[in-house]
file input.txt (compact mmCIF, C-alpha atoms and all ligand atoms)
# COMPACT_ATOMS: atom_id res chain seq x y z
CA MET A 1291 -13.22 -2.93 19.05
CA THR A 1292 -9.89 -3.78 17.49
CA VAL A 1293 -8.08 -0.45 17.18
CA ALA A 1294 -10.91 2.06 17.13
CA ASP A 1295 -14.65 2.38 17.50
CA SER A 1296 -15.36 1.93 13.78
CA SER A 1297 -16.09 -1.20 11.79
CA ALA A 1298 -15.46 0.77 8.55
CA LEU A 1299 -11.91 1.40 9.77
CA ASP A 1300 -11.40 -2.26 10.72
CA THR A 1301 -12.72 -3.31 7.30
CA LEU A 1302 -10.34 -0.88 5.58
CA ILE A 1303 -7.32 -2.23 7.48
CA VAL A 1304 -8.22 -5.79 6.44
CA ALA A 1305 -8.74 -4.71 2.82
CA LEU A 1306 -5.38 -2.90 2.65
CA ARG A 1307 -3.67 -6.19 3.50
CA ARG A 1308 -4.69 -7.48 0.07
CA LEU A 1309 -1.96 -5.24 -1.34
CA PRO A 1310 1.30 -7.19 -1.88
CA GLY A 1311 3.90 -6.54 0.81
CA VAL A 1312 1.44 -4.92 3.23
CA GLY A 1313 1.18 -6.54 6.68
CA ALA A 1314 -0.96 -5.70 9.71
CA LYS A 1315 1.22 -2.85 10.91
CA SER A 1316 1.58 -1.17 7.50
CA ALA A 1317 -2.16 -1.53 6.87
CA SER A 1318 -3.03 0.25 10.14
CA ARG A 1319 -0.52 2.97 9.41
CA MET A 1320 -1.91 3.47 5.89
CA ALA A 1321 -5.52 3.62 7.10
CA PHE A 1322 -4.70 6.10 9.89
CA HIS A 1323 -2.70 8.27 7.52
CA LEU A 1324 -5.46 8.39 4.90
CA LEU A 1325 -8.26 9.13 7.37
CA GLN A 1326 -6.26 11.57 9.47
CA HIS A 1327 -4.36 13.48 6.80
CA ASP A 1328 -5.75 12.67 3.32
CA ARG A 1329 -9.50 12.15 3.05
CA GLU A 1330 -9.36 13.46 -0.48
CA GLY A 1331 -6.66 10.89 -1.30
CA THR A 1332 -8.83 8.16 0.21
CA ARG A 1333 -11.63 9.00 -2.21
CA VAL A 1334 -9.23 9.45 -5.14
CA LEU A 1335 -7.72 6.01 -4.51
CA ALA A 1336 -11.17 4.43 -4.13
CA ARG A 1337 -12.29 5.81 -7.49
CA ALA A 1338 -9.03 4.82 -9.20
CA LEU A 1339 -9.37 1.23 -7.98
CA GLU A 1340 -13.01 1.06 -9.04
CA GLN A 1341 -12.26 2.51 -12.48
CA ALA A 1342 -9.27 0.25 -13.09
CA ALA A 1343 -11.18 -2.86 -12.01
CA ALA A 1344 -13.98 -1.93 -14.41
CA GLN A 1345 -11.97 -0.72 -17.39
CA VAL A 1346 -8.64 -2.52 -17.56
CA ARG A 1347 -8.68 -5.71 -19.62
CA HIS A 1348 -6.15 -7.78 -21.52
CA CYS A 1349 -5.28 -7.15 -25.18
CA GLU A 1350 -6.63 -9.99 -27.28
CA ARG A 1351 -3.40 -10.19 -29.25
CA CYS A 1352 -0.52 -9.43 -26.88
CA ASN A 1353 -2.14 -9.92 -23.47
CA THR A 1354 -0.97 -6.57 -22.02
CA PHE A 1355 -3.27 -4.33 -19.98
CA THR A 1356 -5.44 -2.12 -22.17
CA GLU A 1357 -8.93 -0.63 -22.20
CA ALA A 1358 -9.77 -1.64 -25.78
CA PRO A 1359 -10.11 -5.15 -27.25
CA VAL A 1360 -6.71 -4.68 -28.94
CA CYS A 1361 -3.97 -2.36 -27.62
CA SER A 1362 -2.42 0.54 -29.54
CA VAL A 1363 0.89 -1.27 -30.14
CA CYS A 1364 -0.87 -4.26 -31.72
CA LEU A 1365 -2.98 -1.88 -33.82
CA ASP A 1366 0.12 -0.13 -35.22
CA ALA A 1367 0.31 -1.55 -38.78
CA ARG A 1368 3.75 -0.01 -39.45
CA ARG A 1369 5.44 -2.53 -37.18
CA ASP A 1370 7.41 -5.57 -38.39
CA ALA A 1371 4.99 -8.51 -38.17
CA SER A 1372 7.82 -11.04 -38.58
CA LYS A 1373 9.22 -10.30 -35.11
CA LEU A 1374 7.53 -11.06 -31.80
CA CYS A 1375 9.16 -10.10 -28.49
CA VAL A 1376 8.10 -11.98 -25.34
CA VAL A 1377 8.28 -10.05 -22.03
CA GLU A 1378 7.13 -10.75 -18.49
CA THR A 1379 5.29 -7.50 -17.71
CA PRO A 1380 3.96 -4.27 -19.26
CA ALA A 1381 6.79 -2.42 -17.45
CA ASP A 1382 9.36 -4.56 -19.29
CA GLN A 1383 7.62 -3.83 -22.59
CA ALA A 1384 7.69 -0.11 -21.80
CA ALA A 1385 11.44 -0.32 -21.10
CA LEU A 1386 12.04 -1.96 -24.49
CA GLU A 1387 9.83 0.59 -26.25
CA ARG A 1388 11.82 3.45 -24.73
CA THR A 1389 15.00 2.18 -26.40
CA GLY A 1390 13.42 2.64 -29.83
CA ALA A 1391 15.50 -0.38 -30.94
CA PHE A 1392 12.64 -2.81 -31.57
CA ARG A 1393 9.89 -2.30 -34.13
CA GLY A 1394 8.12 -5.66 -34.03
CA TYR A 1395 5.20 -6.76 -31.87
CA TYR A 1396 5.04 -8.06 -28.30
CA PHE A 1397 3.50 -10.78 -26.20
CA VAL A 1398 3.23 -9.97 -22.49
CA LEU A 1399 3.23 -13.06 -20.28
CA MET A 1400 1.99 -11.16 -17.19
CA GLY A 1401 4.20 -13.39 -15.09
CA LYS A 1402 6.81 -16.11 -15.34
CA LEU A 1403 7.02 -19.82 -14.72
CA SER A 1404 7.58 -20.46 -11.04
CA PRO A 1405 7.10 -24.15 -10.18
CA LEU A 1406 7.88 -23.52 -6.50
CA ASP A 1407 4.94 -21.09 -6.31
CA GLY A 1408 2.74 -23.41 -8.38
CA ILE A 1409 2.79 -21.09 -11.42
CA GLY A 1410 2.81 -23.31 -14.49
CA PRO A 1411 2.40 -22.87 -18.26
CA LYS A 1412 -1.38 -22.43 -18.01
CA ASP A 1413 -1.10 -19.59 -15.49
CA ILE A 1414 1.00 -17.44 -17.79
CA GLY A 1415 -1.02 -18.13 -20.95
CA LEU A 1416 1.58 -20.07 -22.93
CA ALA A 1417 -1.14 -21.64 -25.12
CA ARG A 1418 -2.18 -18.14 -26.22
CA LEU A 1419 1.45 -17.20 -26.85
CA PHE A 1420 1.98 -20.28 -29.06
CA GLU A 1421 -1.19 -19.46 -31.02
CA ARG A 1422 -0.01 -15.85 -31.47
CA ALA A 1423 3.52 -16.88 -32.50
CA LEU A 1424 2.23 -19.42 -35.03
CA ASP A 1425 0.04 -16.94 -36.96
CA GLY A 1426 2.09 -17.56 -40.10
CA GLN A 1427 3.61 -14.05 -40.13
CA VAL A 1428 5.99 -14.33 -37.19
CA SER A 1429 9.36 -15.81 -38.18
CA GLU A 1430 11.46 -14.82 -35.14
CA VAL A 1431 10.51 -14.85 -31.48
CA ILE A 1432 12.80 -12.77 -29.24
CA LEU A 1433 12.75 -13.92 -25.62
CA ALA A 1434 13.11 -10.86 -23.35
CA THR A 1435 12.12 -12.37 -20.02
CA ASN A 1436 14.19 -11.17 -17.08
CA PHE A 1437 17.67 -12.57 -16.46
CA THR A 1438 16.64 -14.10 -13.15
CA ALA A 1439 16.44 -17.84 -12.45
CA GLU A 1440 12.70 -17.88 -13.12
CA GLY A 1441 12.94 -15.65 -16.19
CA GLU A 1442 15.66 -17.89 -17.65
CA ALA A 1443 13.60 -21.03 -16.98
CA THR A 1444 10.59 -19.40 -18.62
CA ALA A 1445 12.67 -18.45 -21.67
CA HIS A 1446 14.02 -22.02 -21.87
CA VAL A 1447 10.57 -23.65 -21.83
CA ILE A 1448 9.12 -21.22 -24.39
CA GLY A 1449 12.20 -21.44 -26.61
CA GLU A 1450 12.17 -25.24 -26.73
CA ALA A 1451 8.45 -25.35 -27.56
CA LEU A 1452 8.66 -22.75 -30.34
CA ARG A 1453 11.79 -24.25 -31.93
CA GLN A 1454 9.99 -27.59 -32.11
CA ARG A 1455 7.22 -25.78 -33.97
CA GLY A 1456 9.74 -24.51 -36.50
CA LEU A 1457 10.23 -20.90 -35.41
CA SER A 1458 13.53 -19.07 -35.06
CA VAL A 1459 14.01 -18.22 -31.40
CA THR A 1460 16.52 -15.70 -30.00
CA ARG A 1461 17.29 -14.41 -26.54
CA LEU A 1462 18.36 -10.89 -25.53
CA ALA A 1463 22.17 -10.84 -25.37
CA ARG A 1464 23.82 -11.07 -21.98
CA GLY A 1465 24.56 -7.36 -22.09
CA VAL A 1466 21.82 -7.15 -19.51
CA PRO A 1467 23.46 -7.68 -16.10
CA ALA A 1468 22.48 -11.06 -14.63
CA GLY A 1469 20.00 -10.91 -11.77
CA SER A 1470 18.60 -7.54 -12.76
CA GLU A 1471 15.13 -6.50 -13.89
CA LEU A 1472 14.70 -4.96 -17.35
CA GLU A 1473 12.58 -2.11 -16.06
CA TYR A 1474 15.58 -0.64 -14.22
CA VAL A 1475 18.32 -1.27 -16.78
CA ASP A 1476 19.70 1.74 -18.65
CA LEU A 1477 18.49 2.21 -22.23
CA GLY A 1478 21.91 1.77 -23.86
CA THR A 1479 22.42 -1.63 -22.29
CA ILE A 1480 19.00 -2.81 -23.45
CA ALA A 1481 19.55 -1.47 -26.97
CA HIS A 1482 22.92 -3.25 -27.16
CA ALA A 1483 21.40 -6.51 -25.89
CA LEU A 1484 18.76 -6.27 -28.63
CA VAL A 1485 21.35 -5.92 -31.40
CA ASP A 1486 23.40 -8.83 -29.99
CA ARG A 1487 20.48 -11.17 -29.53
CA ARG A 1488 21.45 -14.78 -29.99
CA MET B 393 1.82 5.34 -22.67
CA THR B 394 3.75 5.07 -19.42
CA VAL B 395 3.66 1.37 -18.57
CA ALA B 396 0.59 0.09 -20.39
CA ASP B 397 -2.12 1.12 -22.82
CA SER B 398 -4.54 2.25 -20.12
CA SER B 399 -5.05 5.65 -18.50
CA ALA B 400 -7.08 3.96 -15.75
CA LEU B 401 -4.00 1.91 -14.86
CA ASP B 402 -1.74 4.98 -14.90
CA THR B 403 -4.23 6.84 -12.69
CA LEU B 404 -4.30 3.92 -10.26
CA ILE B 405 -0.51 3.82 -9.99
CA VAL B 406 -0.43 7.55 -9.20
CA ALA B 407 -3.23 7.18 -6.64
CA LEU B 408 -1.49 4.29 -4.85
CA ARG B 409 1.49 6.57 -4.23
CA ARG B 410 -0.69 8.55 -1.80
CA LEU B 411 -0.27 5.63 0.61
CA PRO B 412 2.56 6.29 3.09
CA GLY B 413 5.76 4.41 2.25
CA VAL B 414 4.67 3.55 -1.31
CA GLY B 415 7.00 4.72 -4.10
CA ALA B 416 6.76 4.39 -7.87
CA LYS B 417 7.99 0.80 -8.00
CA SER B 418 5.74 -0.47 -5.18
CA ALA B 419 2.75 1.32 -6.69
CA SER B 420 3.25 -0.37 -10.09
CA ARG B 421 3.70 -3.73 -8.41
CA MET B 422 0.53 -3.27 -6.35
CA ALA B 423 -1.53 -2.19 -9.37
CA PHE B 424 -0.31 -5.11 -11.51
CA HIS B 425 -0.92 -7.59 -8.71
CA LEU B 426 -4.48 -6.36 -8.08
CA LEU B 427 -5.48 -6.29 -11.76
CA GLN B 428 -3.72 -9.53 -12.67
CA HIS B 429 -4.50 -11.67 -9.62
CA ASP B 430 -7.13 -10.00 -7.44
CA ARG B 431 -9.92 -8.09 -9.24
CA GLU B 432 -12.25 -8.95 -6.40
CA GLY B 433 -9.72 -7.48 -3.93
CA THR B 434 -9.49 -4.35 -6.06
CA ARG B 435 -13.23 -3.79 -5.70
CA VAL B 436 -13.23 -4.76 -2.01
CA LEU B 437 -10.49 -2.22 -1.30
CA ALA B 438 -12.26 0.48 -3.35
CA ARG B 439 -15.46 0.01 -1.36
CA ALA B 440 -13.61 -0.09 1.97
CA LEU B 441 -11.86 3.20 1.20
CA GLU B 442 -15.10 4.84 0.08
CA GLN B 443 -16.98 3.64 3.17
CA ALA B 444 -14.24 4.67 5.58
CA ALA B 445 -13.92 8.12 4.00
CA ALA B 446 -17.69 8.60 4.30
CA GLN B 447 -18.29 7.10 7.74
CA VAL B 448 -15.23 7.55 9.94
CA ARG B 449 -15.22 10.74 11.99
CA HIS B 450 -13.62 11.95 15.21
CA CYS B 451 -15.24 11.49 18.63
CA GLU B 452 -16.37 14.88 19.92
CA ARG B 453 -14.98 14.13 23.38
CA CYS B 454 -11.81 12.06 22.94
CA ASN B 455 -10.92 12.68 19.27
CA THR B 456 -10.50 8.98 18.36
CA PHE B 457 -11.91 7.51 15.15
CA THR B 458 -15.57 6.55 15.48
CA GLU B 459 -18.74 6.47 13.39
CA ALA B 460 -20.97 8.15 15.98
CA PRO B 461 -20.74 11.68 17.40
CA VAL B 462 -19.31 10.21 20.64
CA CYS B 463 -17.42 6.90 20.83
CA SER B 464 -18.40 3.90 22.96
CA VAL B 465 -15.60 4.43 25.50
CA CYS B 466 -16.67 8.03 26.14
CA LEU B 467 -20.30 6.88 26.43
CA ASP B 468 -19.42 4.30 29.13
CA ALA B 469 -20.73 5.99 32.31
CA ARG B 470 -19.10 3.41 34.62
CA ARG B 471 -15.66 4.82 34.00
CA ASP B 472 -13.76 7.06 36.41
CA ALA B 473 -14.32 10.62 35.20
CA SER B 474 -11.51 11.97 37.39
CA LYS B 475 -8.80 10.33 35.25
CA LEU B 476 -7.92 11.23 31.66
CA CYS B 477 -5.25 9.32 29.75
CA VAL B 478 -3.58 11.05 26.76
CA VAL B 479 -2.34 8.78 23.94
CA GLU B 480 -0.98 9.40 20.45
CA THR B 481 -3.13 7.00 18.41
CA PRO B 482 -6.18 4.70 18.60
CA ALA B 483 -3.75 1.74 18.47
CA ASP B 484 -2.06 2.99 21.66
CA GLN B 485 -5.46 3.38 23.33
CA ALA B 486 -6.35 -0.18 22.31
CA ALA B 487 -3.09 -1.45 23.85
CA LEU B 488 -3.91 0.26 27.15
CA GLU B 489 -7.49 -1.05 27.11
CA ARG B 490 -6.22 -4.62 26.65
CA THR B 491 -4.32 -4.39 29.94
CA GLY B 492 -7.58 -3.78 31.83
CA ALA B 493 -5.51 -1.63 34.24
CA PHE B 494 -7.10 1.74 33.44
CA ARG B 495 -10.75 2.60 33.94
CA GLY B 496 -10.75 6.32 33.23
CA TYR B 497 -11.32 8.14 29.94
CA TYR B 498 -8.95 8.94 27.07
CA PHE B 499 -7.93 11.74 24.77
CA VAL B 500 -6.39 10.63 21.48
CA LEU B 501 -4.00 13.19 20.01
CA MET B 502 -3.92 11.51 16.56
CA GLY B 503 -0.28 12.50 16.30
CA LYS B 504 2.53 14.07 18.28
CA LEU B 505 4.41 17.33 18.29
CA SER B 506 7.11 17.25 15.65
CA PRO B 507 8.61 20.71 15.07
CA LEU B 508 10.99 19.39 12.41
CA ASP B 509 8.00 18.21 10.35
CA GLY B 510 6.09 21.41 11.06
CA ILE B 511 3.58 19.64 13.34
CA GLY B 512 2.73 22.08 16.14
CA PRO B 513 0.16 22.30 18.95
CA LYS B 514 -2.67 23.26 16.60
CA ASP B 515 -2.12 20.23 14.37
CA ILE B 516 -2.65 17.76 17.20
CA GLY B 517 -5.62 19.53 18.73
CA LEU B 518 -4.07 20.61 22.03
CA ALA B 519 -6.71 23.32 22.50
CA ARG B 520 -9.41 20.62 22.44
CA LEU B 521 -7.42 18.50 24.88
CA PHE B 522 -7.11 21.40 27.32
CA GLU B 523 -10.84 22.08 27.08
CA ARG B 524 -11.57 18.40 27.72
CA ALA B 525 -9.13 18.15 30.64
CA LEU B 526 -10.57 21.28 32.28
CA ASP B 527 -14.17 20.04 32.35
CA GLY B 528 -14.18 20.28 36.17
CA GLN B 529 -14.37 16.48 36.64
CA VAL B 530 -10.85 15.49 35.59
CA SER B 531 -8.35 15.75 38.44
CA GLU B 532 -5.46 13.69 37.03
CA VAL B 533 -4.13 13.59 33.48
CA ILE B 534 -1.96 10.55 32.70
CA LEU B 535 0.44 11.15 29.81
CA ALA B 536 0.83 7.93 27.82
CA THR B 537 2.49 9.26 24.68
CA ASN B 538 5.22 7.03 23.28
CA PHE B 539 8.66 6.97 24.88
CA THR B 540 10.32 8.33 21.77
CA ALA B 541 11.95 11.76 21.52
CA GLU B 542 8.82 13.26 19.96
CA GLY B 543 6.47 11.49 22.36
CA GLU B 544 8.49 12.75 25.34
CA ALA B 545 8.51 16.30 23.97
CA THR B 546 4.76 16.13 23.46
CA ALA B 547 4.25 14.88 27.03
CA HIS B 548 6.48 17.68 28.35
CA VAL B 549 4.55 20.43 26.55
CA ILE B 550 1.15 19.07 27.58
CA GLY B 551 2.29 18.43 31.16
CA GLU B 552 3.60 21.95 31.64
CA ALA B 553 0.43 23.53 30.26
CA LEU B 554 -1.92 21.42 32.39
CA ARG B 555 0.08 21.84 35.60
CA GLN B 556 -0.12 25.61 35.10
CA ARG B 557 -3.88 25.20 34.90
CA GLY B 558 -3.91 23.42 38.26
CA LEU B 559 -4.27 19.77 37.22
CA SER B 560 -2.31 16.82 38.60
CA VAL B 561 -0.23 15.39 35.73
CA THR B 562 1.46 11.97 35.73
CA ARG B 563 3.49 10.05 33.18
CA LEU B 564 3.52 6.30 32.55
CA ALA B 565 6.42 4.83 34.56
CA ARG B 566 9.61 4.00 32.74
CA GLY B 567 8.74 0.33 32.83
CA VAL B 568 8.07 0.80 29.14
CA PRO B 569 11.37 0.26 27.30
CA ALA B 570 12.73 3.56 25.95
CA GLY B 571 12.45 3.99 22.18
CA SER B 572 9.59 1.51 21.82
CA GLU B 573 5.99 1.98 20.70
CA LEU B 574 3.19 1.14 23.14
CA GLU B 575 1.27 -0.85 20.57
CA TYR B 576 3.98 -3.51 20.56
CA VAL B 577 4.82 -3.64 24.28
CA ASP B 578 3.64 -6.70 26.25
CA LEU B 579 0.58 -6.21 28.45
CA GLY B 580 2.37 -6.89 31.76
CA THR B 581 4.90 -4.13 31.14
CA ILE B 582 2.18 -1.66 30.30
CA ALA B 583 0.12 -2.64 33.35
CA HIS B 584 3.16 -2.22 35.59
CA ALA B 585 3.98 1.15 34.09
CA LEU B 586 0.40 2.27 34.80
CA VAL B 587 0.65 1.33 38.49
CA ASP B 588 4.02 3.08 38.82
CA ARG B 589 3.01 6.23 37.02
CA ARG B 590 4.78 9.27 38.36
ZN ZN C 1 -1.67 -5.75 -27.72
ZN ZN C 2 -14.52 9.18 22.56

call {"tool": "encode", "arguments": {"input": "input.txt", "output": "structure tokens"}}
result
Amino acid sequence: MTVADSSALDTLIVALRRLPGVGAKSASRMAFHLLQHDREGTRVLARALEQAAAQVRHCERCNTFTEAPVCSVCLDARRDASKLCVVETPADQAALERTGAFRGYYFVLMGKLSPLDGIGPKDIGLARLFERALDGQVSEVILATNFTAEGEATAHVIGEALRQRGLSVTRLARGVPAGSELEYVDLGTIAHALVDRR
Amino acid sequence: MTVADSSALDTLIVALRRLPGVGAKSASRMAFHLLQHDREGTRVLARALEQAAAQVRHCERCNTFTEAPVCSVCLDARRDASKLCVVETPADQAALERTGAFRGYYFVLMGKLSPLDGIGPKDIGLARLFERALDGQVSEVILATNFTAEGEATAHVIGEALRQRGLSVTRLARGVPAGSELEYVDLGTIAHALVDRR
């Protein structure tokens, strides 16, 4: 017996620790809360995890999460195929879309270079990005990684590689406050940074 | 589209918010992490939640989490049936068990009185506790709720009710530092507080 007379409960506490930022104490608290006060929520969360694991895949063109081979943004033929915007996450892409200021396509890295954590070019699919950017239609790649140390380093590496391959590469203007994450920046600031891209 | 081209992902983010202490930002981060870096963990957690929801129930005698009608502690006939220790959670019971200083039985409230949150006597099963304590074998009830304001209030209410019904009621000694939670108190302090109960 660890905390109760149930191996299913012990197993659940261990499993909850796979969530980022959840330690032993939080995991116990979450398990107790669900079983004591929200059985329905326990089942709802179980089904949601199962469904997402089974259905969510990566878009073949832009790498974002989707349930189809190609996502709805990539399938939208009215967009400007000469412009490709590179972001770290789907949340960053959503923030850009909400501004209405960009009508090209995206590539979603699903991460950023982080040598200290052992995350290199292969881990964030740079080979696939280069293939996508060099499709012959893209003429400008807009780097919209976050303005953090790692986001800047990622933008630098991608920018250098794509310039060498003959593409025009721009970066969101520094209208975005340094150190912040795109997802939480107000729309006006993002729109302005798009117009002033350098 | 909220953050990606997947309703399964959106559903997962909403479901994760049913976990205590998880807001919109944490839920997105958890969902992205699981789908990007830990598909296996996603399925493991789904199964653990499903199993726990299906198998974990409350012990008919002491109210703790168990998978059988009556838990293993309550089934242990070598314990002292004259002593009943009241705790808030299974984690508190486990802390007391680790001291080896108590050989009676337990009643697990699975909560505490909290009038400000609308948690009254019915919500923490006081009627069942009174029935258990008045089985004719129990002569002393040891109140081991936490030494927080709510834990003290809970102990006070239970103590008054059981004394009126003719039982001897004691409280863990104040060897336990005020404001702390039993689960995280060192074993020696808990053992000492048991001996000095008043
Ligand atoms: Zn796509
Ligand atoms: Zn029991």

call {"tool": "residues_near_ligand", "arguments": {"input": "input.txt", "ligand": "ligand ZN 1 (chain C)", "cutoff": "10 Å", "atoms": "all atoms listed in the file", "output": "list in words"}}
result
His1348, Cys1349, Glu1350, Arg1351, Cys1352, Asn1353, Thr1354, Phe1355, Thr1356, Ala1358, Pro1359, Val1360, Cys1361, Ser1362, Val1363, Cys1364, Leu1365, Asp1366, Tyr1395, Tyr1396, Phe1397 and Val1398 of chain A; Ala396 and Asp397 of chain B

call {"tool": "interface_residues", "arguments": {"input": "input.txt", "of": "chain B", "to": "chain A", "cutoff": "8 Å", "atoms": "all atoms listed in the file", "output": "PyMOL selection string"}}
result
chain B and resi 394-398+400-401+403-404+407-408+410-412+421-422+425-428+431+433-445+447-448+456-459+463-464+482-483+485-486+502

call {"tool": "residues_around", "arguments": {"input": "input.txt", "residues": "Leu1406 of chain A", "least_positions_apart": "3", "cutoff": "12 Å", "atoms": "only C-alpha atoms", "output": "VMD selection string"}}
result
chain A and resid 1402 to 1403 1409 to 1410 1439 to 1440

call {"tool": "atom_distance", "arguments": {"input": "input.txt", "atom1": "atom CA of Ala1391 of chain A", "atom2": "atom CA of Gly1415 of chain A"}}
result
26.2 Å

call {"tool": "residues_near_point", "arguments": {"input": "input.txt", "point": "(15.1, -17.3, -34.4)", "cutoff": "9 Å", "atoms": "all atoms listed in the file", "output": "mmCIF file with C-alpha atoms, in the frame of the given file"}}
result
data_model
loop_
_atom_site.group_PDB
_atom_site.id
_atom_site.type_symbol
_atom_site.label_atom_id
_atom_site.label_comp_id
_atom_site.auth_asym_id
_atom_site.auth_seq_id
_atom_site.Cartn_x
_atom_site.Cartn_y
_atom_site.Cartn_z
ATOM 1 C CA SER A 1429 9.360 -15.810 -38.180
ATOM 2 C CA GLU A 1430 11.460 -14.820 -35.140
ATOM 3 C CA VAL A 1431 10.510 -14.850 -31.480
ATOM 4 C CA ILE A 1432 12.800 -12.770 -29.240
ATOM 5 C CA ARG A 1453 11.790 -24.250 -31.930
ATOM 6 C CA LEU A 1457 10.230 -20.900 -35.410
ATOM 7 C CA SER A 1458 13.530 -19.070 -35.060
ATOM 8 C CA VAL A 1459 14.010 -18.220 -31.400
ATOM 9 C CA THR A 1460 16.520 -15.700 -30.000
ATOM 10 C CA ARG A 1461 17.290 -14.410 -26.540
ATOM 11 C CA ARG A 1488 21.450 -14.780 -29.990
#

call {"tool": "atom_distance", "arguments": {"input": "input.txt", "atom1": "atom CA of Asp1486 of chain A", "atom2": "atom CA of Leu1433 of chain A"}}
result
12.6 Å

call {"tool": "atom_distance", "arguments": {"input": "input.txt", "atom1": "atom CA of Pro1405 of chain A", "atom2": "atom CA of Ala1445 of chain A"}}
result
14.0 Å

call {"tool": "axis_aligned_box", "arguments": {"input": "input.txt", "around": "segment 499-509 of chain B", "padding_each_side": "5 Å", "output": "AutoDock Vina command-line options"}}
result
--center_x 1.5 --center_y 15.7 --center_z 17.6 --size_x 28.9 --size_y 20.1 --size_z 24.4

call {"tool": "closest_residue", "arguments": {"input": "input.txt", "among": "B:Ala469, B:Ile550, B:Ala536, B:Leu488", "to": "Leu579 of chain B", "atoms": "all atoms listed in the file"}}
result
B:Leu488

call {"tool": "closest_residue", "arguments": {"input": "input.txt", "among": "B:Thr546, B:Asp578, B:Arg524, B:Arg470", "to": "ligand ZN 2 (chain C)", "atoms": "only C-alpha atoms and all ligand atoms"}}
result
B:Arg524
